Structure formats: C-alpha cells, structure tokens
$ cat work.cif   # mmCIF, C-alpha atoms, pLDDT in the B column; chains and numbers go by the auth columns
data_final
#
loop_
_atom_site.group_PDB
_atom_site.id
_atom_site.type_symbol
_atom_site.label_atom_id
_atom_site.label_comp_id
_atom_site.label_asym_id
_atom_site.label_seq_id
_atom_site.Cartn_x
_atom_site.Cartn_y
_atom_site.Cartn_z
_atom_site.B_iso_or_equiv
_atom_site.auth_seq_id
_atom_site.auth_asym_id
ATOM 1 C CA MET A 1 -5.305 -54.164 -2.810 66.00 1 W
ATOM 2 C CA ALA A 2 -8.965 -54.681 -3.477 85.00 2 W
ATOM 3 C CA ILE A 3 -12.417 -53.220 -3.276 90.00 3 W
ATOM 4 C CA PHE A 4 -14.676 -55.843 -1.735 90.00 4 W
ATOM 5 C CA SER A 5 -18.246 -54.515 -2.013 92.00 5 W
ATOM 6 C CA VAL A 6 -20.339 -51.514 -3.020 94.00 6 W
ATOM 7 C CA TYR A 7 -23.746 -50.733 -1.513 94.00 7 W
ATOM 8 C CA VAL A 8 -26.270 -47.989 -2.272 94.00 8 W
ATOM 9 C CA VAL A 9 -28.790 -47.214 0.471 93.00 9 W
ATOM 10 C CA ASN A 10 -31.826 -44.982 -0.029 91.00 10 W
ATOM 11 C CA LYS A 11 -32.808 -42.225 2.405 89.00 11 W
ATOM 12 C CA ALA A 12 -35.268 -44.547 4.179 89.00 12 W
ATOM 13 C CA GLY A 13 -32.431 -46.982 4.921 88.00 13 W
ATOM 14 C CA GLY A 14 -33.353 -49.614 2.328 91.00 14 W
ATOM 15 C CA LEU A 15 -30.682 -51.350 0.264 93.00 15 W
ATOM 16 C CA ILE A 16 -31.255 -50.449 -3.397 93.00 16 W
ATOM 17 C CA TYR A 17 -28.016 -51.802 -4.885 94.00 17 W
ATOM 18 C CA GLN A 18 -25.338 -54.305 -3.893 94.00 18 W
ATOM 19 C CA LEU A 19 -22.243 -55.423 -5.768 92.00 19 W
ATOM 20 C CA ASP A 20 -19.820 -57.985 -4.358 90.00 20 W
ATOM 21 C CA HIS A 21 -16.783 -57.074 -6.424 80.00 21 W
ATOM 22 C CA TYR A 22 -14.123 -59.197 -4.784 71.00 22 W
ATOM 23 C CA ALA A 23 -15.032 -62.437 -3.084 58.00 23 W
ATOM 24 C CA PRO A 24 -12.118 -64.589 -1.926 58.00 24 W
ATOM 25 C CA ARG A 25 -12.592 -68.302 -2.359 56.00 25 W
ATOM 26 C CA ALA A 26 -13.781 -69.940 0.823 56.00 26 W
ATOM 27 C CA ASP A 27 -12.130 -73.188 1.852 59.00 27 W
ATOM 28 C CA THR A 28 -15.125 -74.265 3.889 61.00 28 W
ATOM 29 C CA GLU A 29 -18.766 -73.471 3.546 60.00 29 W
ATOM 30 C CA LYS A 30 -21.232 -73.203 6.410 61.00 30 W
ATOM 31 C CA THR A 31 -24.915 -73.825 5.946 63.00 31 W
ATOM 32 C CA PHE A 32 -27.603 -72.766 8.364 59.00 32 W
ATOM 33 C CA SER A 33 -31.042 -74.149 8.951 62.00 33 W
ATOM 34 C CA PHE A 34 -33.982 -71.815 9.233 59.00 34 W
ATOM 35 C CA PRO A 35 -35.654 -70.302 11.154 57.00 35 W
ATOM 36 C CA LEU A 36 -32.802 -68.618 12.965 54.00 36 W
ATOM 37 C CA ASP A 37 -33.243 -68.029 16.684 59.00 37 W
ATOM 38 C CA LEU A 38 -33.918 -64.330 17.288 55.00 38 W
ATOM 39 C CA VAL A 39 -32.775 -62.970 20.632 60.00 39 W
ATOM 40 C CA LEU A 40 -33.398 -59.431 21.913 59.00 40 W
ATOM 41 C CA ARG A 41 -31.007 -58.353 24.642 64.00 41 W
ATOM 42 C CA PRO A 42 -30.227 -54.988 26.230 68.00 42 W
ATOM 43 C CA HIS A 43 -26.822 -53.459 25.567 64.00 43 W
ATOM 44 C CA ASP A 44 -25.831 -49.949 26.720 65.00 44 W
ATOM 45 C CA GLU A 45 -29.436 -48.818 27.239 58.00 45 W
ATOM 46 C CA ARG A 46 -30.566 -50.037 23.815 58.00 46 W
ATOM 47 C CA VAL A 47 -31.932 -53.276 22.448 58.00 47 W
ATOM 48 C CA VAL A 48 -29.648 -55.335 20.220 60.00 48 W
ATOM 49 C CA VAL A 49 -31.050 -57.962 17.855 56.00 49 W
ATOM 50 C CA ALA A 50 -28.944 -61.114 17.933 57.00 50 W
ATOM 51 C CA PHE A 51 -29.649 -64.138 15.806 53.00 51 W
ATOM 52 C CA GLY A 52 -28.416 -66.666 18.343 53.00 52 W
ATOM 53 C CA GLN A 53 -25.437 -68.917 17.916 55.00 53 W
ATOM 54 C CA ARG A 54 -25.273 -71.837 15.594 52.00 54 W
ATOM 55 C CA ASP A 55 -22.286 -73.953 14.599 53.00 55 W
ATOM 56 C CA GLY A 56 -20.052 -71.784 16.771 54.00 56 W
ATOM 57 C CA ILE A 57 -20.843 -68.638 14.756 52.00 57 W
ATOM 58 C CA ARG A 58 -22.581 -65.742 16.457 52.00 58 W
ATOM 59 C CA VAL A 59 -24.383 -63.261 14.207 49.00 59 W
ATOM 60 C CA GLY A 60 -25.521 -59.909 15.574 46.00 60 W
ATOM 61 C CA HIS A 61 -26.671 -56.507 14.449 44.00 61 W
ATOM 62 C CA ALA A 62 -24.535 -54.068 16.471 47.00 62 W
ATOM 63 C CA VAL A 63 -20.887 -53.587 15.463 50.00 63 W
ATOM 64 C CA LEU A 64 -18.779 -52.949 18.529 52.00 64 W
ATOM 65 C CA ALA A 65 -15.736 -55.007 17.553 55.00 65 W
ATOM 66 C CA ILE A 66 -14.840 -57.263 14.669 54.00 66 W
ATOM 67 C CA ASN A 67 -12.999 -60.501 15.481 56.00 67 W
ATOM 68 C CA GLY A 68 -11.945 -59.038 18.813 59.00 68 W
ATOM 69 C CA THR A 69 -10.543 -55.921 17.111 58.00 69 W
ATOM 70 C CA GLU A 70 -12.051 -52.635 18.229 57.00 70 W
ATOM 71 C CA VAL A 71 -13.603 -50.623 15.423 56.00 71 W
ATOM 72 C CA ASN A 72 -12.177 -47.132 14.920 58.00 72 W
ATOM 73 C CA GLY A 73 -14.139 -44.493 13.068 56.00 73 W
ATOM 74 C CA ARG A 74 -13.609 -41.023 11.683 57.00 74 W
ATOM 75 C CA PHE A 75 -16.361 -38.526 12.446 49.00 75 W
ATOM 76 C CA THR A 76 -17.478 -35.582 10.340 50.00 76 W
ATOM 77 C CA ALA A 77 -20.225 -33.027 10.832 48.00 77 W
ATOM 78 C CA ASP A 78 -22.803 -35.379 9.272 44.00 78 W
ATOM 79 C CA GLY A 79 -21.760 -38.480 11.225 43.00 79 W
ATOM 80 C CA LYS A 80 -19.330 -41.337 10.840 49.00 80 W
ATOM 81 C CA ASP A 81 -18.038 -41.711 7.290 79.00 81 W
ATOM 82 C CA MET A 82 -15.285 -44.316 7.764 81.00 82 W
ATOM 83 C CA LEU A 83 -14.814 -47.404 9.932 81.00 83 W
ATOM 84 C CA GLU A 84 -11.382 -48.991 10.046 80.00 84 W
ATOM 85 C CA THR A 85 -10.338 -52.477 11.135 80.00 85 W
ATOM 86 C CA ASP A 86 -7.240 -54.566 10.481 80.00 86 W
ATOM 87 C CA THR A 87 -8.854 -56.380 7.555 83.00 87 W
ATOM 88 C CA PHE A 88 -11.055 -53.751 5.844 84.00 88 W
ATOM 89 C CA LYS A 89 -12.232 -50.141 5.781 87.00 89 W
ATOM 90 C CA LEU A 90 -15.872 -49.174 5.382 88.00 90 W
ATOM 91 C CA HIS A 91 -16.264 -45.808 3.641 89.00 91 W
ATOM 92 C CA CYS A 92 -19.590 -43.968 3.386 90.00 92 W
ATOM 93 C CA PHE A 93 -20.591 -40.942 1.318 90.00 93 W
ATOM 94 C CA GLN A 94 -24.012 -39.395 2.012 89.00 94 W
ATOM 95 C CA THR A 95 -25.479 -37.044 -0.575 89.00 95 W
ATOM 96 C CA LEU A 96 -27.602 -34.010 0.211 87.00 96 W
ATOM 97 C CA THR A 97 -30.679 -35.986 -0.873 88.00 97 W
ATOM 98 C CA GLY A 98 -29.980 -38.732 1.679 88.00 98 W
ATOM 99 C CA ILE A 99 -28.653 -41.457 -0.642 91.00 99 W
ATOM 100 C CA LYS A 100 -25.678 -43.263 0.908 91.00 100 W
ATOM 101 C CA PHE A 101 -22.875 -44.907 -1.054 93.00 101 W
ATOM 102 C CA VAL A 102 -20.925 -47.457 0.978 92.00 102 W
ATOM 103 C CA VAL A 103 -17.664 -49.123 -0.102 92.00 103 W
ATOM 104 C CA LEU A 104 -15.864 -51.950 1.712 91.00 104 W
ATOM 105 C CA ALA A 105 -12.203 -51.955 0.715 89.00 105 W
ATOM 106 C CA ASP A 106 -8.776 -53.198 1.695 88.00 106 W
ATOM 107 C CA PRO A 107 -7.233 -50.876 4.329 86.00 107 W
ATOM 108 C CA ARG A 108 -4.317 -50.127 1.978 86.00 108 W
ATOM 109 C CA GLN A 109 -6.553 -49.136 -0.961 87.00 109 W
ATOM 110 C CA ALA A 110 -6.041 -45.478 -1.899 85.00 110 W
ATOM 111 C CA GLY A 111 -8.458 -43.047 -3.517 86.00 111 W
ATOM 112 C CA ILE A 112 -11.712 -44.284 -1.989 87.00 112 W
ATOM 113 C CA ASP A 113 -13.088 -40.764 -1.376 86.00 113 W
ATOM 114 C CA SER A 114 -12.745 -39.901 -5.062 88.00 114 W
ATOM 115 C CA LEU A 115 -14.179 -43.326 -5.977 91.00 115 W
ATOM 116 C CA LEU A 116 -17.271 -42.593 -3.886 91.00 116 W
ATOM 117 C CA ARG A 117 -17.800 -39.331 -5.744 91.00 117 W
ATOM 118 C CA LYS A 118 -17.295 -41.165 -9.050 94.00 118 W
ATOM 119 C CA ILE A 119 -19.937 -43.735 -8.008 95.00 119 W
ATOM 120 C CA TYR A 120 -22.297 -40.824 -7.235 94.00 120 W
ATOM 121 C CA GLU A 121 -21.591 -39.419 -10.707 95.00 121 W
ATOM 122 C CA ILE A 122 -22.325 -42.831 -12.293 96.00 122 W
ATOM 123 C CA TYR A 123 -25.537 -43.074 -10.256 96.00 123 W
ATOM 124 C CA SER A 124 -26.589 -39.628 -11.457 94.00 124 W
ATOM 125 C CA ASP A 125 -25.763 -40.362 -15.102 95.00 125 W
ATOM 126 C CA PHE A 126 -27.043 -43.913 -15.508 95.00 126 W
ATOM 127 C CA ALA A 127 -29.728 -44.456 -12.859 94.00 127 W
ATOM 128 C CA LEU A 128 -31.338 -41.052 -12.283 93.00 128 W
ATOM 129 C CA LYS A 129 -31.368 -40.146 -15.988 92.00 129 W
ATOM 130 C CA ASN A 130 -32.912 -43.516 -16.885 91.00 130 W
ATOM 131 C CA PRO A 131 -36.600 -42.876 -17.677 91.00 131 W
ATOM 132 C CA PHE A 132 -37.551 -46.339 -16.350 91.00 132 W
ATOM 133 C CA TYR A 133 -35.912 -45.860 -12.934 91.00 133 W
ATOM 134 C CA SER A 134 -38.104 -44.816 -9.990 91.00 134 W
ATOM 135 C CA LEU A 135 -36.502 -42.992 -7.077 88.00 135 W
ATOM 136 C CA GLU A 136 -35.905 -45.005 -3.899 88.00 136 W
ATOM 137 C CA MET A 137 -36.373 -48.294 -5.801 93.00 137 W
ATOM 138 C CA PRO A 138 -33.726 -50.975 -6.527 93.00 138 W
ATOM 139 C CA ILE A 139 -31.284 -50.075 -9.302 94.00 139 W
ATOM 140 C CA ARG A 140 -31.611 -52.463 -12.227 93.00 140 W
ATOM 141 C CA CYS A 141 -29.728 -50.756 -15.032 92.00 141 W
ATOM 142 C CA GLU A 142 -27.124 -52.539 -17.166 93.00 142 W
ATOM 143 C CA LEU A 143 -25.234 -49.318 -18.000 94.00 143 W
ATOM 144 C CA PHE A 144 -24.966 -48.516 -14.280 95.00 144 W
ATOM 145 C CA ASP A 145 -23.534 -52.002 -13.626 94.00 145 W
ATOM 146 C CA GLN A 146 -21.027 -51.782 -16.476 95.00 146 W
ATOM 147 C CA ASN A 147 -19.755 -48.319 -15.604 96.00 147 W
ATOM 148 C CA LEU A 148 -19.541 -49.097 -11.885 96.00 148 W
ATOM 149 C CA LYS A 149 -17.465 -52.233 -12.543 94.00 149 W
ATOM 150 C CA LEU A 150 -15.208 -50.245 -14.877 94.00 150 W
ATOM 151 C CA ALA A 151 -14.739 -47.527 -12.220 94.00 151 W
ATOM 152 C CA LEU A 152 -13.868 -50.156 -9.599 92.00 152 W
ATOM 153 C CA GLU A 153 -11.262 -51.728 -11.894 91.00 153 W
ATOM 154 C CA VAL A 154 -9.720 -48.327 -12.608 90.00 154 W
ATOM 155 C CA ALA A 155 -9.667 -47.477 -8.888 89.00 155 W
ATOM 156 C CA GLU A 156 -7.962 -50.751 -8.002 86.00 156 W
ATOM 157 C CA LYS A 157 -5.272 -50.387 -10.666 84.00 157 W
ATOM 158 C CA ALA A 158 -4.616 -46.666 -10.889 72.00 158 W
ATOM 159 C CA GLY A 159 -5.678 -45.261 -7.557 57.00 159 W
ATOM 160 C CA PRO A 160 -7.483 -41.952 -7.261 55.00 160 W
ATOM 161 C CA PHE A 161 -9.605 -40.402 -9.994 56.00 161 W
ATOM 162 C CA GLY A 162 -8.577 -37.098 -11.489 51.00 162 W
ATOM 163 C CA PRO A 163 -10.875 -34.126 -11.935 49.00 163 W
ATOM 164 C CA GLY A 164 -11.586 -34.954 -15.596 46.00 164 W
ATOM 165 C CA SER A 165 -12.264 -38.674 -15.278 46.00 165 W
#

$ encode --input "work.cif" --output "structure tokens"
Amino acid sequence: MAIFSVYVVNKAGGLIYQLDHYAPRADTEKTFSFPLDLVLRPHDERVVVAFGQRDGIRVGHAVLAINGTEVNGRFTADGKDMLETDTFKLHCFQTLTGIKFVVLADPRQAGIDSLLRKIYEIYSDFALKNPFYSLEMPIRCELFDQNLKLALEVAEKAGPFGPGS
C-alpha cells in the first residue's frame, strides 16, 4: 500500500504545495514538444480544454473516466471528497477557510481521513505559525516538509492516526 501524492490548494484554486511521495519507476519515458495543441470542445453544455493528441496520448482537463474505468465519487454536504478508481483513490479535505488538502493513495490504503486531518495539523503548526509564510502563497518550509514526510511514512506503515498523535 502506498500514498502517491499530496497537494495543498488555496481558496482561489492555486496549487501552493505538491509532494510526489511514491513514484514507481517508469520503463519508458515520453517526451513532448511544445507548444501543445490546445483544443476547446463542447461537452455536456460546457467547454472542455483538451491539449490535443500526441504520440498516441490524449491529455484533457475533465475527468469522466480513467483508462476506460468510470470514476465513482462519494458526496458530502460540501461536495465530492473522494474519487475512487481501480488504481487509486483521490481524497480531499476542505477546511473552513477554503484550503484544500488532496491525497492520492492506493485504494487499499487505510486511515486517509485521519491522515488528512494530520496534514492540516502540520500545516497549522509549521506553515501558518511560520513568521515568514504569507497566506495563499506557496509553502516553502523545511519543517513542514520533514513532518509531512514523517506523517506519510507513519500512515503507510501503521495505518490510522490516534487521537494523541
């Protein structure tokens, strides 16, 4: 079981932190030439941005299905907080201030809800209490990085966090 990535998104929708925790080794590597072909096409009464197709790979912006597998989600009062596929689960925790914590994990990984709350605690302790950190700006704090990586290792090995952790 593994936790693949952690993202922190500010209330305006900008990515302020990204950690690729588990990256499997790729047997082949694809390179793309720029500029990519941008294509706007209508889909279900909305416009979808597609980046064309190159080398047999199609990259798009709307997630309707992944590798032919329909995406299933769990809804709460504040919107979708979990997307599930055969290969990964995307978990999202939105705070009252609008900050979103997103974790991509193996579908069999347990304790992700408590991990998200632990990440929020780490964010509060090591980013918000840092006098050099400005709200809504990218997180560049070594203590935040260290404690987040430690929390991810604990979550992968032990499972859920207890109330006193």

$ closest_residue --input "work.cif" --among "W:Cys92, W:Ser5, W:Ile99, W:Ile119" --to "W:Leu150" --atoms "only C-alpha atoms"
W:Ile119

$ resolve_selection --input "work.cif" --expression "the PyMOL selection byres ((chain W and resi 105) around 8)" --output "PDB file with C-alpha atoms, keeping the file's coordinate frame"
ATOM      1  CA  ALA W   2      -8.965 -54.681  -3.477  1.00 85.00           C
ATOM      2  CA  ILE W   3     -12.417 -53.220  -3.276  1.00 90.00           C
ATOM      3  CA  PHE W   4     -14.676 -55.843  -1.735  1.00 90.00           C
ATOM      4  CA  SER W   5     -18.246 -54.515  -2.013  1.00 92.00           C
ATOM      5  CA  PHE W  88     -11.055 -53.751   5.844  1.00 84.00           C
ATOM      6  CA  LYS W  89     -12.232 -50.141   5.781  1.00 87.00           C
ATOM      7  CA  LEU W  90     -15.872 -49.174   5.382  1.00 88.00           C
ATOM      8  CA  HIS W  91     -16.264 -45.808   3.641  1.00 89.00           C
ATOM      9  CA  VAL W 103     -17.664 -49.123  -0.102  1.00 92.00           C
ATOM     10  CA  LEU W 104     -15.864 -51.950   1.712  1.00 91.00           C
ATOM     11  CA  ASP W 106      -8.776 -53.198   1.695  1.00 88.00           C
ATOM     12  CA  PRO W 107      -7.233 -50.876   4.329  1.00 86.00           C
ATOM     13  CA  GLN W 109      -6.553 -49.136  -0.961  1.00 87.00           C
TER      14      GLN W 109
END

$ residues_around --input "work.cif" --residues "W:Ile122" --least-positions-apart "4" --cutoff "8 Å" --atoms "all atoms listed in the file" --output "PyMOL selection string"
chain W and resi 118+126-127+144+147-148

$ closest_residue --input "work.cif" --among "W:Asp81, W:Asp125, W:Gly111, W:Gln94" --to "W:Val154" --atoms "only C-alpha atoms"
W:Gly111

$ resolve_selection --input "work.cif" --expression "the PyMOL selection byres ((chain W and resi 98) around 10)" --output "count of residues only"
13

$ axis_aligned_box --input "work.cif" --around "stretch 148-154 of chain W" --padding-each-side "3 Å" --output "AutoDock Vina command-line options"
--center_x -14.6 --center_y -49.9 --center_z -12.2 --size_x 15.8 --size_y 10.7 --size_z 11.3

$ atom_distance --input "work.cif" --atom1 "atom CA of W:Lys129" --atom2 "atom CA of W:Asp145"
14.4 Å

$ residues_around --input "work.cif" --residues "W:Val6" --least-positions-apart "5" --cutoff "6 Å" --atoms "only C-alpha atoms" --output "JSON, numbers by chain"
{"W": [18, 19, 102, 103]}

$ atom_distance --input "work.cif" --atom1 "atom CA of W:Leu83" --atom2 "atom CA of W:Arg117"
17.9 Å

$ atom_distance --input "work.cif" --atom1 "atom CA of W:Lys149" --atom2 "atom CA of W:Ile16"
16.6 Å

$ closest_residue --input "work.cif" --among "W:His21, W:Thr85, W:Ile139, W:Asn130" --to "W:Ala151" --atoms "all atoms listed in the file"
W:His21

$ closest_residue --input "work.cif" --among "W:Leu15, W:Cys141, W:Val8, W:Leu135" --to "W:Leu116" --atoms "all atoms listed in the file"
W:Val8
